[in-house]
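**Q** To start, I am sharing the structure in question, which I have written as structure tokens.
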Amino acid sequence: EEGHSVRDIFATVRQVPTGADIQLRLNVNGDEYCTLTIPAGDSITPVPVDGFNLRPLQAMDRLSLDVVSVGQTNTTTPGRDLTVTIRL
């Protein structure tokens with residue numbers, strides 16, 4: 001593969017979170033690349049992260065995802081079936 005510029009990044013869930021947002025951190029080679037938030041009651045990040053200010057992804061870059069925060073109490077649900085999409 002070759003390097004590619006990123007157009008945008010967004011996250012979706014099949015079951016929406018209730019009571020608290022889902023906070024995510026996308027890492028490239030162990031360093032923070034961008035953060036994403038899915039608000040409580042929504043199934044998608046309302047505004048995708050614009051790739052204009054992100055460095056291009058290079059061949060063999062390692063991507064990882066940290067779920068920074070979700071709500072989970074007796075009255076909340078964390079959401080389910082998370083997908084993060086990176087459009088090149």
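The chains in the structure tokens are called A, B, ... from first to last as shown; in each chain the residues are counted from 1, and the ligands are counted from 1 in the order shown.
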Quick one: everything within 6 Å of Thr45 in chain A, counting only C-alpha atoms, minus sequence neighbours fewer than 2 positions away in the same chain. Send it as a list of chain:residue names.

**A**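 These residues fall inside the cut-off: A:Phe10, A:Ala11, A:Thr37, A:Ile38, A:Val47.
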
**Q** When you look at Ser43 in chain A with a cut-off of 8 Å (counting only C-alpha atoms), what residues show up, excluding the ones that are within fewer than 5 positions of it in the same chain? I need them as a list of chain:residue names.

**A** A:Thr12, A:Val13, A:Arg14, A:Gln15, A:Val16, A:Pro17, A:Ile38

**Q** Would you put the residues from that selection into a file with N, CA and C atoms, as an mmCIF file, in the first residue's frame?

**A**
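Result file is selection.cif:
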data_model
loop_
_atom_site.group_PDB
_atom_site.id
_atom_site.type_symbol
_atom_site.label_atom_id
_atom_site.label_comp_id
_atom_site.auth_asym_id
_atom_site.auth_seq_id
_atom_site.Cartn_x
_atom_site.Cartn_y
_atom_site.Cartn_z
ATOM 1 N N THR A 12 -19.999 5.350 14.168
ATOM 2 C CA THR A 12 -21.421 5.025 14.260
ATOM 3 C C THR A 12 -21.610 3.873 15.243
ATOM 4 N N VAL A 13 -22.805 3.790 15.793
ATOM 5 C CA VAL A 13 -23.211 2.640 16.603
ATOM 6 C C VAL A 13 -24.577 2.190 16.124
ATOM 7 N N ARG A 14 -24.841 0.888 16.242
ATOM 8 C CA ARG A 14 -26.147 0.365 15.850
ATOM 9 C C ARG A 14 -27.182 0.646 16.936
ATOM 10 N N GLN A 15 -26.785 0.500 18.204
ATOM 11 C CA GLN A 15 -27.676 0.821 19.322
ATOM 12 C C GLN A 15 -27.143 2.093 19.974
ATOM 13 N N VAL A 16 -27.981 3.120 20.070
ATOM 14 C CA VAL A 16 -27.534 4.422 20.571
ATOM 15 C C VAL A 16 -27.235 4.375 22.061
ATOM 16 N N PRO A 17 -26.261 5.184 22.505
ATOM 17 C CA PRO A 17 -26.004 5.295 23.933
ATOM 18 C C PRO A 17 -27.086 6.159 24.586
ATOM 19 N N ILE A 38 -19.749 10.426 20.072
ATOM 20 C CA ILE A 38 -21.121 10.108 19.682
ATOM 21 C C ILE A 38 -21.998 10.551 20.847
#

**Q** What's the 10 Å shell around Met60 in chain A, counting only C-alpha atoms, without same-chain residues fewer than 5 positions away, as a PyMOL selection string?

**A** chain A and resi 1-3+29

**Q** Could you dump the residues just selected with N, CA and C atoms as a JSON list (two decimals), in the first residue's frame?

**A**
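Output contents, as saved in result-v5.json:
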[["chain", "number", "residue", "atom", "x", "y", "z"],
["A", 1, "GLU", "N", 0.83, -1.19, 0.00],
["A", 1, "GLU", "CA", 0.00, 0.00, 0.00],
["A", 1, "GLU", "C", 0.87, 1.25, 0.00],
["A", 2, "GLU", "N", 0.26, 2.33, -0.36],
["A", 2, "GLU", "CA", 0.91, 3.63, -0.36],
["A", 2, "GLU", "C", 0.24, 4.51, 0.68],
["A", 3, "GLY", "N", 0.85, 5.67, 0.93],
["A", 3, "GLY", "CA", 0.25, 6.64, 1.83],
["A", 3, "GLY", "C", -1.00, 7.25, 1.21],
["A", 29, "ASN", "N", 0.08, 4.63, 15.27],
["A", 29, "ASN", "CA", 1.40, 4.27, 15.80],
["A", 29, "ASN", "C", 1.55, 4.68, 17.26]]

**Q** Pick out the closest residue to Val70 in chain A from this set: A:Asp8, A:Leu57, A:Leu82, A:Arg87. Count only C-alpha atoms.

**A**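 Among the listed residues, the smallest separation from Val70 in chain A belongs to A:Leu82.
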
**Q** Name the residues of range 11-76 of chain A that come out as strand (DSSP E) in a backbone DSSP run; write them as a ChimeraX atom specification.

**A** /A:11-15,22-28,31-38,49-50,63-69

**Q** Residues at most 9 Å from Val68 in chain A, counting only C-alpha atoms, excluding those fewer than 4 positions away in the same chain, as JSON, numbers by chain?

**A** {"A": [22, 23, 24, 25]}

**Q** Rank A:Val49, A:Ile44, A:Leu26, A:Ile9 by their smallest atom-to-atom distance to Leu88 in chain A, using only C-alpha atoms, and report the top residue only.

**A**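 Result for the nearest residue to Leu88 in chain A: A:Ile9.
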
**Q** Here is a test: counting only C-alpha atoms, which residue of A:Asn74, A:Thr83, A:Ser69, A:Ser5 is nearest to Ala20 in chain A?

**A**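 Under the stated criterion, the closest residue is A:Ser69.
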
**Q** Distance CA of Asp66 in chain A-CA of Cys34 in chain A, one decimal place?

**A** 10.8 Å

**Q** Quick check, in Å to one decimal: how far apart do CA of Pro46 in chain A and CA of Ser64 in chain A lie?

**A**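 Between CA of Pro46 in chain A and CA of Ser64 in chain A the gap works out to 21.7 Å.
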
**Q** My list of candidates is A:Val67, A:Pro78, A:Ala59, A:Asn53. Which is closest to Leu36 in chain A when distances are computed with only C-alpha atoms?

**A**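 Once distances to Leu36 in chain A are computed over only C-alpha atoms, the minimum belongs to A:Val67.
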
**Q** Counting only C-alpha atoms, which of A:Thr75, A:Val84, A:Phe52, A:Gly19 gets nearest to Thr35 in chain A?

**A** A:Val84
